[in-house]
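A.B. asks: I have a structure I would like to understand better, so I am pasting it below and will then ask my questions one at a time.
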Amino acid sequence: MTATLDISITKAESSKLQDLNLDNLPFGRYFSDHMLEADYEDGEWKNVEIKPYQPLILSPSLAALHYGQAIFEGIKAYRDRNGEAYIFRPHDNFRRFNISAERMQMPQVPEELFMDGMRQLIQLDKNWIPTREDHSLYIRPFMFSSDEMIGVRPSDNYKFMIILSPTGPYYVAPMRIYVEEKYVRASQGGVGYAKAAGNYGAAMLATAEAKKKGYDQVLWTDAHEHKYVQEIGTMNVFFIIGKTAITPDMEQGTILDGVTRQSSITLLKELGFAVEERPLNIDEIIAAYKAGSLLEVFGTGTAATITLIKELRYKNFVMEFDVDKWNTAPALKSWLTDIREGRREDKYGWMWRVG
Ligand code: COI
């Protein structure tokens with residue numbers, strides 16, 4: 001149980017919900033009626049408030065805007081058939097948030113601020129949780145440095161906030177992926193394992209170039225040889241080779257420790273797969289493709305859930321897949337969706353009841 005936090009709550013005078021069609025939602029464009037805001041000052045968290053969603057007034061010298069001390073999380077809330085609100089594995093995101101904070105020299109956010117703040121915010125905006133299949137309320141906790149100062153050093157002041165966005169699927173169709181060899185997302189000793197805002201900004205040029213070539217996203221490879229695969233866009237990646245599911249390991253600190261990745265590993269084992277978390281060379285993937293044993297490739301992520309990869313291109317070699325014939329990734333996707341939406345037993349205790 002998370003302690004109850006003393007939060008000052010100001011309710012919105014009217015709700016924007018009636019203006020929104022919850023059945024047709026692009027990812028991350030609409031936001032609920034309320035947001036949570038807290039300040040880190042003089043070494044402690046204070047001014048914890050839930051208030052109507054509104055713009056922030058920030059100084060042009062705000063440190064985060066200049067040096068990028070900014071981190072975030074992505075979590076999803078669902079409503080079951082009885083209308084009860086649940087959040088999928090939020091404690092895992094809480095732990096990862098503070099790992100990111102440590103890497104970026106930012107203060108730790110206490111569990112009661114993160115968890116109980118999120119709970120009270122969702123309780124207030126519970127009606128914003130879409131009930132249509134594959135839809136959810138995307139929860140975006142984030143923190144940024146708020147010193148008004150452009151000297152390069154960790155800030156003394158920070159803001160922690162949570163906003164909520166009712167949302168549909170992030171990637172709607174199977175994807176075409178370009179194996180990246182020029183640009184690098186993460187290298188050993190870097191920030192690849194942190195959910196740091198800059199990781200996403202830094203990925204945009206490579207993604208834009210891949211899009212010009214007709215691809216949806218890039219599959220990142222290691223910084224030294226451009227051979228070992230890392231992750232795709234906003235997702236971890238899995239390769240089903242025969243009866244083994246292989247996903248890159250975390251050892252180098254270059255990959256985000258995805259909550260959907262962890263959940264997929266658990267469910268793949270239940271489906272009878274041997275799961276290997278290890279370095280995976282693109283040559284091994286190509287050899288398996290040529291031998292006919294590379295059966296499925298898919299991405300996992302909170303926003304993306306499970307996304308099928310229908311094409312993978314490395315240099316001039318194109319691997320194409322008939323995703324309509326696949327069993328595993330679709331089974332995994334429905335299994336996870338059914339747990340999240342309350343249609344299947346949650347035997348791992350992944351759903352956290354908002355209450
Ligand atoms: C998430 O899955 O929560 C992500 O981080 C993706 C987001 C950057 C859109």
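As shown in the structure tokens, the chain order sets the letters A, B, ...; within each chain, residues go from 1, and ligands are also counted from 1 in the order they appear.
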Enumerate, as number ranges by chain, the complete set of residues in range 64-274 of chain A that a backbone-based DSSP assignment places in strand (DSSP E).
C.D. replies: A: 70-72, 75-79, 85-88, 136-145, 158-167, 175-179, 217-221, 229-232, 236-241, 244-247, 274
A.B. asks: If you count only C-alpha atoms, which residues fall within 9 Å of Asp23 in chain A, apart from same-chain ones fewer than 6 positions away, as a ChimeraX atom specification?
C.D. replies: /A:130-132,135,168
A.B. asks: What's around Leu295 in chain A at 6 Å? Count only C-alpha atoms, leave out sequence neighbours fewer than 2 positions away in its own chain, and write the answer as a list of chain:residue names.
C.D. replies: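 The contact residues come out as A:Ile240, A:Ile241, A:Ser293.
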A.B. asks: Any chance you can output those residues with N, CA and C atoms as a compact mmCIF listing (two decimals), in the first residue's frame?
C.D. replies:
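The resulting file, again05.txt, is shown below:
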# COMPACT_ATOMS: atom_id res chain seq x y z
N ILE A 240 11.82 -14.12 -32.86
CA ILE A 240 11.48 -15.52 -32.60
C ILE A 240 12.23 -16.35 -33.63
N ILE A 241 13.19 -17.13 -33.12
CA ILE A 241 13.98 -17.99 -33.99
C ILE A 241 13.72 -19.43 -33.54
N SER A 293 14.33 -19.97 -40.26
CA SER A 293 13.96 -20.16 -38.85
C SER A 293 13.64 -18.84 -38.14
A.B. asks: Extract, using only C-alpha atoms, all DNA, RNA and protein residues at most 10 Å from Pro330 in chain A, discarding same-chain residues fewer than 4 positions from it, and format them as an mmCIF file with N, CA, C and O atoms, in the first residue's frame.
C.D. replies:
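Resulting contents of result.cif:
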data_model
loop_
_atom_site.group_PDB
_atom_site.id
_atom_site.type_symbol
_atom_site.label_atom_id
_atom_site.label_comp_id
_atom_site.auth_asym_id
_atom_site.auth_seq_id
_atom_site.Cartn_x
_atom_site.Cartn_y
_atom_site.Cartn_z
ATOM 1 N N PHE A 298 9.126 -8.521 -33.502
ATOM 2 C CA PHE A 298 8.148 -7.543 -33.014
ATOM 3 C C PHE A 298 8.753 -6.624 -31.955
ATOM 4 O O PHE A 298 9.749 -6.941 -31.326
ATOM 5 N N ILE A 306 2.371 -4.302 -28.474
ATOM 6 C CA ILE A 306 3.156 -5.251 -29.275
ATOM 7 C C ILE A 306 2.954 -4.821 -30.729
ATOM 8 O O ILE A 306 1.826 -4.757 -31.207
ATOM 9 N N THR A 307 4.033 -4.517 -31.410
ATOM 10 C CA THR A 307 3.905 -4.061 -32.800
ATOM 11 C C THR A 307 4.682 -4.997 -33.720
ATOM 12 O O THR A 307 5.876 -5.259 -33.514
ATOM 13 N N LEU A 308 3.985 -5.491 -34.746
ATOM 14 C CA LEU A 308 4.606 -6.464 -35.650
ATOM 15 C C LEU A 308 5.522 -5.753 -36.649
ATOM 16 O O LEU A 308 5.218 -4.651 -37.107
ATOM 17 N N VAL A 323 3.110 -11.263 -42.008
ATOM 18 C CA VAL A 323 2.658 -11.170 -40.616
ATOM 19 C C VAL A 323 1.278 -11.799 -40.398
ATOM 20 O O VAL A 323 0.930 -12.163 -39.277
ATOM 21 N N ASP A 324 0.505 -11.939 -41.481
ATOM 22 C CA ASP A 324 -0.824 -12.544 -41.331
ATOM 23 C C ASP A 324 -0.743 -14.009 -40.906
ATOM 24 O O ASP A 324 -1.704 -14.574 -40.387
ATOM 25 N N LYS A 325 0.441 -14.615 -41.135
ATOM 26 C CA LYS A 325 0.581 -16.040 -40.773
ATOM 27 C C LYS A 325 1.151 -16.219 -39.352
ATOM 28 O O LYS A 325 1.347 -17.336 -38.898
ATOM 29 N N TRP A 326 1.443 -15.115 -38.679
ATOM 30 C CA TRP A 326 2.095 -15.231 -37.365
ATOM 31 C C TRP A 326 1.124 -15.630 -36.262
ATOM 32 O O TRP A 326 -0.057 -15.285 -36.300
ATOM 33 N N SER A 334 -2.857 -10.095 -27.658
ATOM 34 C CA SER A 334 -4.209 -10.248 -27.080
ATOM 35 C C SER A 334 -4.142 -10.662 -25.625
ATOM 36 O O SER A 334 -4.970 -10.229 -24.817
ATOM 37 N N TRP A 335 -3.154 -11.444 -25.275
ATOM 38 C CA TRP A 335 -3.027 -11.879 -23.878
ATOM 39 C C TRP A 335 -2.827 -10.658 -22.971
ATOM 40 O O TRP A 335 -3.524 -10.466 -21.974
ATOM 41 N N LEU A 336 -1.869 -9.808 -23.361
ATOM 42 C CA LEU A 336 -1.592 -8.601 -22.568
ATOM 43 C C LEU A 336 -2.809 -7.677 -22.525
ATOM 44 O O LEU A 336 -3.163 -7.156 -21.468
#
A.B. asks: Taking into account only C-alpha atoms and all ligand atoms, which residue in the set A:Thr247, A:Asn316, A:Ser14, A:Ser165 is nearest to ligand 1?
C.D. replies: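 The closest residue to ligand 1 is A:Ser165.
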A.B. asks: Excluding Asn157 in chain A and any residue of its chain fewer than 6 positions from it, enumerate the residues within 12 Å of it, using only C-alpha atoms, and give them as a list in words.
C.D. replies: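 My list of contacting residues is Ala38, Asp39, Tyr40, Glu41, Asp42, Gly43, Glu44, Trp45, Lys46, Leu62, Ala63, Ala64, Gln69, Gln105, Met106, Pro107, Met143, Phe144, Ser145, Ser146, Asp147, Glu148 and Met149 of chain A.
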A.B. asks: I'd like to know which of A:Tyr53, A:Tyr138, A:Trp352, A:Tyr78 is closest to ligand 1, using only C-alpha atoms and all ligand atoms.
C.D. replies: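 Closest to ligand 1 of all the choices is A:Tyr138.
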A.B. asks: Within 9 Å of ligand 1, which residues of chain A show up? Give each one with its shortest atom-to-atom distance in Å (one decimal) and the two atoms involved, counting only C-alpha atoms and all ligand atoms, rows by chain then rising residue number, as a tab-separated table.
C.D. replies:
residue	atom	partner	partner_atom_place_in_ligand_line	distance
A:Phe27	CA	ligand 1	9 (C)	7.9
A:Gly28	CA	ligand 1	9 (C)	7.7
A:Phe72	CA	ligand 1	5 (O)	7.9
A:Glu73	CA	ligand 1	3 (O)	6.0
A:Gly74	CA	ligand 1	3 (O)	3.4
A:Ile75	CA	ligand 1	3 (O)	6.1
A:Lys76	CA	ligand 1	3 (O)	8.3
A:Tyr138	CA	ligand 1	3 (O)	8.0
A:Ile139	CA	ligand 1	3 (O)	8.4
A:Arg140	CA	ligand 1	3 (O)	7.8
A:Tyr170	CA	ligand 1	9 (C)	7.4
A:Lys195	CA	ligand 1	5 (O)	7.4
A:Ala197	CA	ligand 1	8 (C)	8.6
A:Tyr200	CA	ligand 1	8 (C)	7.0
A:Gly233	CA	ligand 1	6 (C)	8.4
A:Thr234	CA	ligand 1	6 (C)	4.9
A:Met235	CA	ligand 1	2 (O)	6.8
A:Gly258	CA	ligand 1	2 (O)	8.3
A:Thr260	CA	ligand 1	2 (O)	8.6
A:Thr300	CA	ligand 1	2 (O)	8.2
A:Gly301	CA	ligand 1	2 (O)	4.6
A:Thr302	CA	ligand 1	2 (O)	3.6
A:Ala303	CA	ligand 1	2 (O)	3.7
A:Ala304	CA	ligand 1	2 (O)	5.9
A:Thr305	CA	ligand 1	2 (O)	7.6
A.B. asks: So that I have them on file, write out the residues from the current selection with N, CA and C atoms, as a PDB file, in the first residue's frame.
C.D. replies:
ATOM      1  N   PHE A  27      -2.560   9.146 -30.753  1.00  0.00           N
ATOM      2  CA  PHE A  27      -1.740   9.082 -29.542  1.00  0.00           C
ATOM      3  C   PHE A  27      -1.305  10.478 -29.083  1.00  0.00           C
ATOM      4  N   GLY A  28      -1.539  10.753 -27.794  1.00  0.00           N
ATOM      5  CA  GLY A  28      -0.902  11.889 -27.131  1.00  0.00           C
ATOM      6  C   GLY A  28      -1.313  13.280 -27.562  1.00  0.00           C
ATOM      7  N   PHE A  72      11.182  11.234 -18.186  1.00  0.00           N
ATOM      8  CA  PHE A  72       9.734  10.976 -18.158  1.00  0.00           C
ATOM      9  C   PHE A  72       9.466   9.490 -18.069  1.00  0.00           C
ATOM     10  N   GLU A  73       8.188   9.167 -17.921  1.00  0.00           N
ATOM     11  CA  GLU A  73       7.737   7.776 -17.943  1.00  0.00           C
ATOM     12  C   GLU A  73       6.469   7.677 -18.787  1.00  0.00           C
ATOM     13  N   GLY A  74       6.121   6.489 -19.169  1.00  0.00           N
ATOM     14  CA  GLY A  74       4.868   6.244 -19.883  1.00  0.00           C
ATOM     15  C   GLY A  74       4.188   5.055 -19.218  1.00  0.00           C
ATOM     16  N   ILE A  75       2.958   5.223 -18.791  1.00  0.00           N
ATOM     17  CA  ILE A  75       2.229   4.193 -18.035  1.00  0.00           C
ATOM     18  C   ILE A  75       0.792   4.209 -18.572  1.00  0.00           C
ATOM     19  N   LYS A  76       0.072   3.100 -18.429  1.00  0.00           N
ATOM     20  CA  LYS A  76      -1.304   3.129 -18.938  1.00  0.00           C
ATOM     21  C   LYS A  76      -2.335   2.701 -17.889  1.00  0.00           C
ATOM     22  N   TYR A 138      -3.173   7.191 -21.138  1.00  0.00           N
ATOM     23  CA  TYR A 138      -1.710   7.200 -21.059  1.00  0.00           C
ATOM     24  C   TYR A 138      -1.292   8.208 -19.978  1.00  0.00           C
ATOM     25  N   ILE A 139      -0.500   7.731 -19.047  1.00  0.00           N
ATOM     26  CA  ILE A 139      -0.068   8.562 -17.914  1.00  0.00           C
ATOM     27  C   ILE A 139       1.363   9.013 -18.184  1.00  0.00           C
ATOM     28  N   ARG A 140       1.607  10.283 -18.142  1.00  0.00           N
ATOM     29  CA  ARG A 140       2.945  10.795 -18.441  1.00  0.00           C
ATOM     30  C   ARG A 140       3.503  11.559 -17.223  1.00  0.00           C
ATOM     31  N   TYR A 170      -0.395   3.427 -30.587  1.00  0.00           N
ATOM     32  CA  TYR A 170       0.670   4.318 -31.057  1.00  0.00           C
ATOM     33  C   TYR A 170       1.036   4.018 -32.518  1.00  0.00           C
ATOM     34  N   LYS A 195      15.240   6.993 -19.269  1.00  0.00           N
ATOM     35  CA  LYS A 195      14.182   7.561 -20.104  1.00  0.00           C
ATOM     36  C   LYS A 195      14.361   9.080 -20.059  1.00  0.00           C
ATOM     37  N   ALA A 197      14.689  12.729 -21.844  1.00  0.00           N
ATOM     38  CA  ALA A 197      14.032  13.369 -22.982  1.00  0.00           C
ATOM     39  C   ALA A 197      14.968  13.459 -24.184  1.00  0.00           C
ATOM     40  N   TYR A 200      15.227  10.914 -27.050  1.00  0.00           N
ATOM     41  CA  TYR A 200      14.193  10.887 -28.086  1.00  0.00           C
ATOM     42  C   TYR A 200      14.466  11.967 -29.131  1.00  0.00           C
ATOM     43  N   GLY A 233      12.953   2.496 -32.413  1.00  0.00           N
ATOM     44  CA  GLY A 233      12.106   3.661 -32.112  1.00  0.00           C
ATOM     45  C   GLY A 233      11.796   3.749 -30.632  1.00  0.00           C
ATOM     46  N   THR A 234      10.534   3.620 -30.277  1.00  0.00           N
ATOM     47  CA  THR A 234      10.144   3.697 -28.865  1.00  0.00           C
ATOM     48  C   THR A 234       9.880   2.300 -28.285  1.00  0.00           C
ATOM     49  N   MET A 235      10.536   1.282 -28.855  1.00  0.00           N
ATOM     50  CA  MET A 235      10.206  -0.084 -28.423  1.00  0.00           C
ATOM     51  C   MET A 235      11.448  -0.948 -28.200  1.00  0.00           C
ATOM     52  N   GLY A 258      12.308  -2.122 -20.568  1.00  0.00           N
ATOM     53  CA  GLY A 258      10.879  -1.936 -20.815  1.00  0.00           C
ATOM     54  C   GLY A 258       9.998  -2.803 -19.928  1.00  0.00           C
ATOM     55  N   THR A 260       6.871  -3.556 -20.728  1.00  0.00           N
ATOM     56  CA  THR A 260       6.201  -4.489 -21.657  1.00  0.00           C
ATOM     57  C   THR A 260       7.201  -5.571 -22.087  1.00  0.00           C
ATOM     58  N   THR A 300       8.085  -4.126 -28.483  1.00  0.00           N
ATOM     59  CA  THR A 300       7.239  -4.036 -27.289  1.00  0.00           C
ATOM     60  C   THR A 300       7.458  -2.686 -26.624  1.00  0.00           C
ATOM     61  N   GLY A 301       6.372  -2.094 -26.132  1.00  0.00           N
ATOM     62  CA  GLY A 301       6.509  -0.814 -25.432  1.00  0.00           C
ATOM     63  C   GLY A 301       5.177  -0.435 -24.813  1.00  0.00           C
ATOM     64  N   THR A 302       5.219   0.510 -23.886  1.00  0.00           N
ATOM     65  CA  THR A 302       3.965   0.917 -23.246  1.00  0.00           C
ATOM     66  C   THR A 302       3.037   1.530 -24.282  1.00  0.00           C
ATOM     67  N   ALA A 303       3.548   2.521 -25.006  1.00  0.00           N
ATOM     68  CA  ALA A 303       2.704   3.171 -26.008  1.00  0.00           C
ATOM     69  C   ALA A 303       2.417   2.205 -27.154  1.00  0.00           C
ATOM     70  N   ALA A 304       3.442   1.470 -27.579  1.00  0.00           N
ATOM     71  CA  ALA A 304       3.327   0.630 -28.774  1.00  0.00           C
ATOM     72  C   ALA A 304       2.640  -0.709 -28.499  1.00  0.00           C
ATOM     73  N   THR A 305       2.522  -1.115 -27.278  1.00  0.00           N
ATOM     74  CA  THR A 305       2.137  -2.470 -26.841  1.00  0.00           C
ATOM     75  C   THR A 305       2.984  -3.504 -27.595  1.00  0.00           C
TER      76      THR A 305
END
A.B. asks: Grab the CA of Asn281 in chain A to CA of Val229 in chain A distance for me, in Å with one decimal place.
C.D. replies: 6.3 Å
A.B. asks: Out of A:Asn327, A:Ser263, A:Ser32, A:Thr10, which residue has the shortest atom-to-atom distance to Phe88 in chain A when counting only C-alpha atoms?
C.D. replies: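 Of A:Asn327, A:Ser263, A:Ser32, A:Thr10, the one nearest Phe88 in chain A, counting only C-alpha atoms, is A:Ser263.
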